[in-house]
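Step one of this worksheet: look at the structure below.
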There are 2 protein chains.
Amino acid sequence: MSLDYQIFDLGDVQLQRGATLRDCKLAYKTFGTLSPKKDNVIVYPTWYSGQHYDNEWLIGEGMALDPSKYFIIIPNMLGNGLSSSPSNNPEPYNGPKFPLVTACDNVRAQHKLVTEKFGIEHIRLVTGWSMGALQTFHWGALYPDMMDLIAPFCGSAKCSRHNYVFLEGVKAALTADAAWKEGWYTDKPQRGLRAAARVYAGWGFSQTFYRQKLDLERMGYSSLEDFLVGFWEGFFLPKDPNNLLTMLWTWQNGDISDNELYNGDFQAALAAIKAKAYVMPGQTDLYFPVDDSEFEVANMPNASLIPVPSVWGHFAGGPGTNPDDVKFLDDKLKELLAS
Amino acid sequence: MSLDYQIFDLGDVQLQRGATLRDCKLAYKTFGTLSPKKDNVIVYPTWYSGQHYDNEWLIGEGMALDPSKYFIIIPNMLGNGLSSSPSNNPEPYNGPKFPLVTACDNVRAQHKLVTEKFGIEHIRLVTGWSMGALQTFHWGALYPDMMDLIAPFCGSAKCSRHNYVFLEGVKAALTADAAWKEGWYTDKPQRGLRAAARVYAGWGFSQTFYRQKLDLERMGYSSLEDFLVGFWEGFFLPKDPNNLLTMLWTWQNGDISDNELYNGDFQAALAAIKAKAYVMPGQTDLYFPVDDSEFEVANMPNASLIPVPSVWGHFAGGPGTNPDDVKFLDDKLKELLAS
């Protein structure tokens with residue numbers, strides 16, 4: 001079988017919360033060619049439950065992320081089923097015993113990939129959607145001298161309390177299913193996965209999206225129930241529950257200042273981000289509201305707030321769902337890369 | 001045992017969806033004295049899972065809903081555990097076999113109470129929060145010549161598609177628990193009720209509420225987890241799951257035009273509401289957004305849109321949670337009653 005991605009072996013990784021992830025593996029895919037000067041690098045982390053191929057909608061000839069110009073690296077998040085995850089890690093740290101992984105752990109692992117595997121010392125741009133944006137902010141705060149530009153879209157530098165609560169609902173729905181067996185499931189907890197999907201459905205798109213029936217008119221579903229089953233349940237059912245819970249914990253505990261560099265001083269961590277930044281929240285995103293991005297931008301030295309004028313809620317940011325939003329994001333990324 | 005409420009026996013009630021609710025009972029409580037002319041009546045229906053005592057925060061000497069001036073009737077919604085409900089209806093229509101009840105069914109039953117029990121022909125004001133607002137709109141559309149004023153707050157005349165989806169998440173979380181047994185539970189489905197509570201938690205209050213930590217600063221909880229367990233899980237655990245699901249269905253299927261008067265023509269039903277109306281959505285309500293109220297008001301002949309300027313989300317409307325919002329609502333009700 002030929003895979004469309006590579007594995008970087010990190011060896012034993014000491015995680016922020018104390019555990020060691022032994023023989024840790026980072027799955028990644030690259031696009032384009034690294035220039036001789038190694039000055040054409042874009043890092044583009046994945047989002048909650050997404051894998052590298054779920055990021056490809058923003059890459060293409062003639063687009064901002066053009067593989068004929070840039071060397072684009074998509075590192076898969078730990079826990080996403082391709083990098084080290086509950087579903088693929090060997091005993092004894094498999095399944096529900098997989099250790100807690102922070103966004104900081106993820107980005108430090110990605111930094112090793114970038115520097116040790118490719119010998120890259122300078123990055124042109126880091127960008128990402130949702131949890132990809134969380135990792136983008138982490139890149140900016142953990143390695144402030146390493147990149148020119150960052151463009152986090154529909155995400156935040158720290159999980160807000162409201163966002164945490166929304167995720168508690170998703171987690172509670174998934175784990176209410178007795179078939180989940182506290183993570184020791186032998187059969188797929190269908191009912192819990194479907195419940196988590198239905199909980200997510202109200203958050204993923206905006207009130208206006210549903211009011212305008214864009215699930216039917218633009219996405220082609222035949223009814224609201226068809227959208228809930230066909231899109232949402234269909235999205236969650238193939239995912240491994242422990243993987244989902246690992247990434248959910250990573251998300252809930254995301255905070256660029258939760259490390260020894262900033263010791264919880266969130267404003268100091270934001271202030272340390274030197275990169276020129278386009279922070280692009282979705283105008284109608286229900287869990288990454290513009291207010292939170294405003295606070296971030298106000299505390300970053302070189303950032304612009306550029307809301308995506310969309311009624312697609314969180315999905316204004318991806319994964320390529322609405323062509324108008326893709327064009328907006330791509331145009332802004334072009335503008336940023338040209339600056 | 002002395003109860004603080006009365007029961008009105010409706011006999012056999014033919015429901016909109018075809019079933020007959022035999023020996024249907026409406027629990028209600030009244031405040032104040034009916035004037036000899038019967039011209040001082042306020043009807044104030046209950047909200048999702050609320051019972052009449054949960055409405056009392058808006059009633060009091062010196063308040064708009066002053067029992068020394070008005071005769072205030074609080075009818076309990078069918079399914080709320082006091083009026084006929086899955087939890088108290090006799091076999092064979094008990095538990096999960098309890099029939100589907102619409103908001104229209106509820107308001108028609110309330111109309112019988114008002115006219116047959118009390119001989120009231122004219123109502124001064126109908127008002128209510130959330131599903132109480134849904135019933136208020138129904139009063140206005142089903143009996144347009146019967147009242148002077150309506151004041152629905154933090155609710156809608158028709159369940160929006162997004163609101164429907166949010167409720168699907170609550171339902172899916174509750175019913176993912178195997179202990180629910182498709183409604184034939186013998187033990188309380190603790191885990192499902194707690195999951196439903198956690199799902200609800202993200203919707204009930206706004207992003208800004210959580211950002212400002214009003215759960216801690218204003219409501220006195222010691223941590224976010226304490227708020228989730230102490231307030232939210234504590235709120236859901238005492239409720240009967242089948243009752244919750246009956247009222248949830250009522251909510252999801254709420255629509256003032258879904259009856260033989262309007263045959264699904266929502267704008268016609270809105271246009272038929274003659275009462276002077278103060279429609280008061282919460283400025284930051286996540287499931288009854290101001291946009292939906294705007295549409296309603298634009299289609300009502302005698303309505304004003306008066307958003308409650310609050311960051312308390314849906315709880316701007318009750319139940320007496322934030323004193324500033326209570327004052328705002330009470331002032332507006334006084335203004336309306338004085339007009």
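Labels used: A, B, ... for chains in the order of the structure tokens, numbers from 1 for residues in each chain, and numbers from 1 for ligands as shown.
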
Interface residues on chain A facing chain B, 7 Å, only C-alpha atoms, written as number ranges by chain
A: 160-162, 165-166, 168-170, 172-173, 176-178, 191-192, 195, 198-199, 201-202, 207, 210-211

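Counting only C-alpha atoms, B:Pro307 has the following residues at most 8 Å away, ignoring those fewer than 6 positions along the same chain: Val279, Met280, Pro281, Gly282, Gln283 and Val290 of chain B.
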
Using only all heavy atoms, please write the residues we just selected to a file, as a short mmCIF file (atom, residue, chain, number, x, y, z; two decimals), in the first residue's frame.
data_model
loop_
_atom_site.label_atom_id
_atom_site.label_comp_id
_atom_site.auth_asym_id
_atom_site.auth_seq_id
_atom_site.Cartn_x
_atom_site.Cartn_y
_atom_site.Cartn_z
N VAL B 279 -42.26 42.80 21.65
CA VAL B 279 -41.49 41.57 21.41
C VAL B 279 -40.08 41.82 21.92
O VAL B 279 -39.38 42.70 21.41
CB VAL B 279 -41.51 41.20 19.91
CG1 VAL B 279 -40.64 39.98 19.65
CG2 VAL B 279 -42.95 40.96 19.44
N MET B 280 -39.67 41.06 22.93
CA MET B 280 -38.43 41.37 23.64
C MET B 280 -37.44 40.21 23.62
O MET B 280 -37.36 39.43 24.57
CB MET B 280 -38.77 41.79 25.07
CG MET B 280 -39.64 43.05 25.13
SD MET B 280 -39.81 43.75 26.79
CE MET B 280 -41.16 42.74 27.42
N PRO B 281 -36.67 40.10 22.54
CA PRO B 281 -35.63 39.08 22.51
C PRO B 281 -34.45 39.52 23.39
O PRO B 281 -34.24 40.72 23.61
CB PRO B 281 -35.21 39.07 21.04
CG PRO B 281 -35.46 40.47 20.58
CD PRO B 281 -36.68 40.94 21.33
N GLY B 282 -33.71 38.56 23.88
CA GLY B 282 -32.45 38.89 24.56
C GLY B 282 -31.40 39.26 23.52
O GLY B 282 -31.27 38.56 22.50
N GLN B 283 -30.69 40.32 23.77
CA GLN B 283 -29.71 40.83 22.78
C GLN B 283 -28.67 39.76 22.45
O GLN B 283 -28.15 39.73 21.34
CB GLN B 283 -29.03 42.07 23.36
CG GLN B 283 -28.19 42.85 22.38
CD GLN B 283 -29.03 43.59 21.35
OE1 GLN B 283 -29.86 44.41 21.69
NE2 GLN B 283 -28.82 43.28 20.08
N VAL B 290 -32.08 37.97 17.81
CA VAL B 290 -32.88 39.16 17.53
C VAL B 290 -33.41 39.16 16.08
O VAL B 290 -34.52 39.60 15.83
CB VAL B 290 -32.05 40.44 17.82
CG1 VAL B 290 -32.81 41.69 17.42
CG2 VAL B 290 -31.69 40.50 19.31
#

Determine, for each residue of stretch 228-288 of chain A having at least one atom at most 7 Å from an atom of stretch 83-92 of chain A, the closest pair of atoms and their separation in Å to one decimal, counting only C-alpha atoms; order by chain and ascending number, as a Markdown table.
| residue | atom | partner | partner_atom | distance |
| --- | --- | --- | --- | --- |
| A:Asp240 | CA | A:Ser87 | CA | 6.7 |
| A:Asn242 | CA | A:Pro86 | CA | 5.9 |
| A:Asn243 | CA | A:Pro86 | CA | 5.6 |

Picked from stretch 48-287 of chain A by DSSP as strand (DSSP E or B), as a CSV table (one decimal) with N, CA, C and O atoms, in the first residue's frame:
chain,number,residue,atom,x,y,z
A,59,ILE,N,-5.0,24.7,-1.0
A,59,ILE,CA,-3.7,24.5,-1.7
A,59,ILE,C,-4.0,24.3,-3.1
A,59,ILE,O,-4.8,23.5,-3.5
A,65,LEU,N,-1.6,29.5,-1.4
A,65,LEU,CA,-0.7,28.4,-1.0
A,65,LEU,C,-0.4,27.6,-2.3
A,65,LEU,O,-1.0,26.5,-2.5
A,71,PHE,N,6.9,25.6,-0.3
A,71,PHE,CA,7.1,24.3,0.2
A,71,PHE,C,6.1,24.3,1.4
A,71,PHE,O,6.4,24.9,2.5
A,72,ILE,N,5.0,23.5,1.3
A,72,ILE,CA,4.0,23.6,2.3
A,72,ILE,C,4.0,22.3,3.0
A,72,ILE,O,4.0,21.2,2.5
A,73,ILE,N,4.1,22.4,4.4
A,73,ILE,CA,4.1,21.2,5.2
A,73,ILE,C,2.8,21.2,6.0
A,73,ILE,O,2.5,22.1,6.7
A,74,ILE,N,2.1,20.1,5.9
A,74,ILE,CA,0.9,19.8,6.7
A,74,ILE,C,1.2,18.8,7.8
A,74,ILE,O,1.3,17.6,7.4
A,75,PRO,N,1.5,19.2,9.0
A,75,PRO,CA,1.7,18.2,10.1
A,75,PRO,C,0.3,17.8,10.7
A,75,PRO,O,-0.5,18.6,10.9
A,123,ILE,N,10.5,30.3,8.6
A,123,ILE,CA,9.2,30.0,7.9
A,123,ILE,C,8.6,31.3,7.4
A,123,ILE,O,8.6,32.3,8.1
A,124,ARG,N,8.1,31.2,6.2
A,124,ARG,CA,7.4,32.4,5.7
A,124,ARG,C,6.0,32.6,6.3
A,124,ARG,O,5.7,33.7,6.7
A,125,LEU,N,5.2,31.6,6.4
A,125,LEU,CA,3.9,31.7,6.9
A,125,LEU,C,3.4,30.5,7.7
A,125,LEU,O,3.7,29.3,7.3
A,126,VAL,N,2.7,30.7,8.8
A,126,VAL,CA,2.0,29.6,9.5
A,126,VAL,C,0.5,29.9,9.4
A,126,VAL,O,0.2,31.1,9.7
A,127,THR,N,-0.3,29.0,9.0
A,127,THR,CA,-1.7,29.3,8.9
A,127,THR,C,-2.5,28.0,9.2
A,127,THR,O,-2.0,26.9,9.2
A,128,GLY,N,-3.8,28.2,9.6
A,128,GLY,CA,-4.6,27.1,9.9
A,128,GLY,C,-6.0,27.5,10.4
A,128,GLY,O,-6.2,28.6,10.8
A,129,TRP,N,-6.9,26.5,10.2
A,129,TRP,CA,-8.3,26.7,10.6
A,129,TRP,C,-8.6,26.1,11.9
A,129,TRP,O,-8.2,25.0,12.2
A,147,MET,N,9.3,33.1,12.1
A,147,MET,CA,8.4,33.3,10.9
A,147,MET,C,8.1,34.7,10.6
A,147,MET,O,8.1,35.6,11.5
A,148,ASP,N,7.8,35.0,9.4
A,148,ASP,CA,7.4,36.4,9.0
A,148,ASP,C,5.9,36.6,9.3
A,148,ASP,O,5.5,37.7,9.7
A,149,LEU,N,5.1,35.6,9.0
A,149,LEU,CA,3.7,35.8,8.9
A,149,LEU,C,2.9,34.7,9.6
A,149,LEU,O,3.3,33.6,9.5
A,150,ILE,N,1.8,35.1,10.2
A,150,ILE,CA,0.8,34.0,10.6
A,150,ILE,C,-0.6,34.5,10.2
A,150,ILE,O,-0.9,35.7,10.2
A,151,ALA,N,-1.4,33.5,9.9
A,151,ALA,CA,-2.8,33.8,9.6
A,151,ALA,C,-3.7,32.7,10.2
A,151,ALA,O,-4.1,31.8,9.5
A,152,PRO,N,-4.0,32.9,11.5
A,152,PRO,CA,-5.0,32.0,12.1
A,152,PRO,C,-6.4,32.4,11.7
A,152,PRO,O,-6.7,33.5,11.8
A,153,PHE,N,-7.2,31.4,11.2
A,153,PHE,CA,-8.5,31.8,10.9
A,153,PHE,C,-9.5,30.9,11.6
A,153,PHE,O,-9.4,29.7,11.7
A,158,LYS,N,-6.3,30.8,22.8
A,158,LYS,CA,-6.6,30.2,24.1
A,158,LYS,C,-8.1,29.8,24.1
A,158,LYS,O,-9.0,30.6,23.7
A,255,ASP,N,-3.8,27.0,25.1
A,255,ASP,CA,-3.5,28.3,25.7
A,255,ASP,C,-2.0,28.6,25.4
A,255,ASP,O,-1.1,27.9,25.9
A,276,LYS,N,3.9,39.4,11.5
A,276,LYS,CA,2.8,40.1,11.0
A,276,LYS,C,1.6,39.1,10.9
A,276,LYS,O,1.8,38.0,10.3
A,277,ALA,N,0.5,39.5,11.5
A,277,ALA,CA,-0.6,38.5,11.6
A,277,ALA,C,-1.9,39.1,11.0
A,277,ALA,O,-2.3,40.2,11.2
A,278,TYR,N,-2.6,38.2,10.2
A,278,TYR,CA,-3.9,38.4,9.9
A,278,TYR,C,-4.8,37.4,10.7
A,278,TYR,O,-4.7,36.2,10.5
A,279,VAL,N,-5.5,38.0,11.7
A,279,VAL,CA,-6.4,37.2,12.5
A,279,VAL,C,-7.8,37.2,11.9
A,279,VAL,O,-8.4,38.3,11.8
A,280,MET,N,-8.3,36.1,11.4
A,280,MET,CA,-9.5,36.1,10.6
A,280,MET,C,-10.6,35.2,11.3
A,280,MET,O,-10.8,34.1,10.9
A,282,GLY,N,-14.5,34.1,11.8
A,282,GLY,CA,-15.7,34.1,11.1
A,282,GLY,C,-16.7,35.1,11.7
A,282,GLY,O,-16.9,35.0,12.9

Spatial neighbours of stretch 3-17 of chain A, max dist 10 Å, only C-alpha atoms, sep filter under 5 positions, as a VMD selection string:
chain A and resid 22 to 30 52 to 53 74 to 76 82 to 84 99 to 106 108 to 110 112 to 113 116 to 117 258 to 260

Quick one: distance from atom CA of B:Asn55 to atom CA of B:Ser310 in Å, one decimal?
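These atoms are spaced 19.7 Å apart.
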
d(atom CA of A:Glu121, atom CA of A:Asn253) in Å
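Atom-to-atom, atom CA of A:Glu121 to atom CA of A:Asn253, that is 28.2 Å.
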
Report the distance between atom CA of A:Trp249 and atom CA of A:Gly264 in Å, rounded to one decimal place.
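These two atoms are separated by 17.8 Å.
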
So that I can check the surroundings of stretch 267-274 of chain A, please list as a PyMOL selection string every protein, DNA and RNA residue that reaches within 10 Å of it, counting only C-alpha atoms and ignoring chain neighbours fewer than 5 positions away.
chain A and resi 137-150+157+255-259+261-262+295-303

Based on DSSP run over this structure's backbone, return all residues of stretch 165-196 of chain B in alpha helix (DSSP H), as a list of chain:residue names.
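DSSP-assigned alpha helix (DSSP H) residues in stretch 165-196 of chain B: B:Val165, B:Phe166, B:Leu167, B:Glu168, B:Gly169, B:Val170, B:Lys171, B:Ala172, B:Ala173, B:Leu174, B:Thr175, B:Gln190, B:Arg191, B:Gly192, B:Leu193, B:Arg194, B:Ala195, B:Ala196.
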
Could you pull the residues within 12 Å of B:Gly320, counting only C-alpha atoms, minus those fewer than 6 positions along the same chain, as a PDB file with N, CA, C and O atoms, in the first residue's frame?
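Written file, out-v2.pdb:
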ATOM      1  N   TYR B  53     -44.449  27.844  39.852  1.00  0.00           N
ATOM      2  CA  TYR B  53     -43.647  28.578  40.846  1.00  0.00           C
ATOM      3  C   TYR B  53     -42.376  29.159  40.223  1.00  0.00           C
ATOM      4  O   TYR B  53     -41.796  30.100  40.752  1.00  0.00           O
ATOM      5  N   ASP B  54     -41.943  28.572  39.080  1.00  0.00           N
ATOM      6  CA  ASP B  54     -40.768  29.115  38.390  1.00  0.00           C
ATOM      7  C   ASP B  54     -41.086  30.430  37.669  1.00  0.00           C
ATOM      8  O   ASP B  54     -40.193  31.070  37.113  1.00  0.00           O
ATOM      9  N   ASN B  55     -42.358  30.795  37.630  1.00  0.00           N
ATOM     10  CA  ASN B  55     -42.771  32.043  36.976  1.00  0.00           C
ATOM     11  C   ASN B  55     -42.957  33.195  37.969  1.00  0.00           C
ATOM     12  O   ASN B  55     -43.140  34.335  37.555  1.00  0.00           O
ATOM     13  N   GLU B  56     -42.905  32.885  39.246  1.00  0.00           N
ATOM     14  CA  GLU B  56     -43.359  33.863  40.240  1.00  0.00           C
ATOM     15  C   GLU B  56     -42.424  35.058  40.423  1.00  0.00           C
ATOM     16  O   GLU B  56     -42.833  36.084  40.972  1.00  0.00           O
ATOM     17  N   TRP B  57     -41.177  34.933  39.951  1.00  0.00           N
ATOM     18  CA  TRP B  57     -40.202  36.021  40.099  1.00  0.00           C
ATOM     19  C   TRP B  57     -40.662  37.317  39.426  1.00  0.00           C
ATOM     20  O   TRP B  57     -40.178  38.395  39.764  1.00  0.00           O
ATOM     21  N   LEU B  58     -41.578  37.225  38.489  1.00  0.00           N
ATOM     22  CA  LEU B  58     -42.005  38.430  37.766  1.00  0.00           C
ATOM     23  C   LEU B  58     -43.301  39.006  38.356  1.00  0.00           C
ATOM     24  O   LEU B  58     -43.861  39.964  37.838  1.00  0.00           O
ATOM     25  N   ILE B  59     -43.767  38.412  39.422  1.00  0.00           N
ATOM     26  CA  ILE B  59     -45.027  38.826  40.036  1.00  0.00           C
ATOM     27  C   ILE B  59     -44.753  39.412  41.412  1.00  0.00           C
ATOM     28  O   ILE B  59     -43.958  38.851  42.171  1.00  0.00           O
ATOM     29  N   TRP B 129     -41.926  33.828  29.034  1.00  0.00           N
ATOM     30  CA  TRP B 129     -40.516  33.678  28.672  1.00  0.00           C
ATOM     31  C   TRP B 129     -40.326  32.396  27.875  1.00  0.00           C
ATOM     32  O   TRP B 129     -40.872  31.358  28.228  1.00  0.00           O
ATOM     33  N   MET B 219     -23.236  34.819  39.987  1.00  0.00           N
ATOM     34  CA  MET B 219     -24.096  33.725  40.451  1.00  0.00           C
ATOM     35  C   MET B 219     -23.472  32.948  41.608  1.00  0.00           C
ATOM     36  O   MET B 219     -24.125  32.098  42.215  1.00  0.00           O
ATOM     37  N   TRP B 312     -26.609  38.166  29.328  1.00  0.00           N
ATOM     38  CA  TRP B 312     -26.993  36.912  29.990  1.00  0.00           C
ATOM     39  C   TRP B 312     -27.628  35.901  29.037  1.00  0.00           C
ATOM     40  O   TRP B 312     -28.181  34.886  29.475  1.00  0.00           O
ATOM     41  N   HIS B 314     -29.943  33.681  26.840  1.00  0.00           N
ATOM     42  CA  HIS B 314     -31.355  33.357  26.989  1.00  0.00           C
ATOM     43  C   HIS B 314     -31.858  33.710  28.387  1.00  0.00           C
ATOM     44  O   HIS B 314     -33.031  34.027  28.570  1.00  0.00           O
ATOM     45  N   VAL B 326     -34.416  41.684  35.084  1.00  0.00           N
ATOM     46  CA  VAL B 326     -35.763  41.663  35.677  1.00  0.00           C
ATOM     47  C   VAL B 326     -36.316  43.087  35.701  1.00  0.00           C
ATOM     48  O   VAL B 326     -37.463  43.332  35.315  1.00  0.00           O
ATOM     49  N   LYS B 327     -35.483  44.038  36.089  1.00  0.00           N
ATOM     50  CA  LYS B 327     -35.934  45.429  36.143  1.00  0.00           C
ATOM     51  C   LYS B 327     -36.302  45.942  34.751  1.00  0.00           C
ATOM     52  O   LYS B 327     -37.320  46.601  34.563  1.00  0.00           O
ATOM     53  N   PHE B 328     -35.455  45.611  33.771  1.00  0.00           N
ATOM     54  CA  PHE B 328     -35.738  46.041  32.405  1.00  0.00           C
ATOM     55  C   PHE B 328     -37.084  45.488  31.935  1.00  0.00           C
ATOM     56  O   PHE B 328     -37.937  46.219  31.424  1.00  0.00           O
ATOM     57  N   LEU B 329     -37.281  44.198  32.127  1.00  0.00           N
ATOM     58  CA  LEU B 329     -38.527  43.558  31.696  1.00  0.00           C
ATOM     59  C   LEU B 329     -39.717  44.152  32.447  1.00  0.00           C
ATOM     60  O   LEU B 329     -40.761  44.460  31.852  1.00  0.00           O
ATOM     61  N   ASP B 330     -39.566  44.300  33.729  1.00  0.00           N
ATOM     62  CA  ASP B 330     -40.659  44.819  34.546  1.00  0.00           C
ATOM     63  C   ASP B 330     -41.016  46.249  34.125  1.00  0.00           C
ATOM     64  O   ASP B 330     -42.201  46.596  33.996  1.00  0.00           O
TER      65      ASP B 330
END
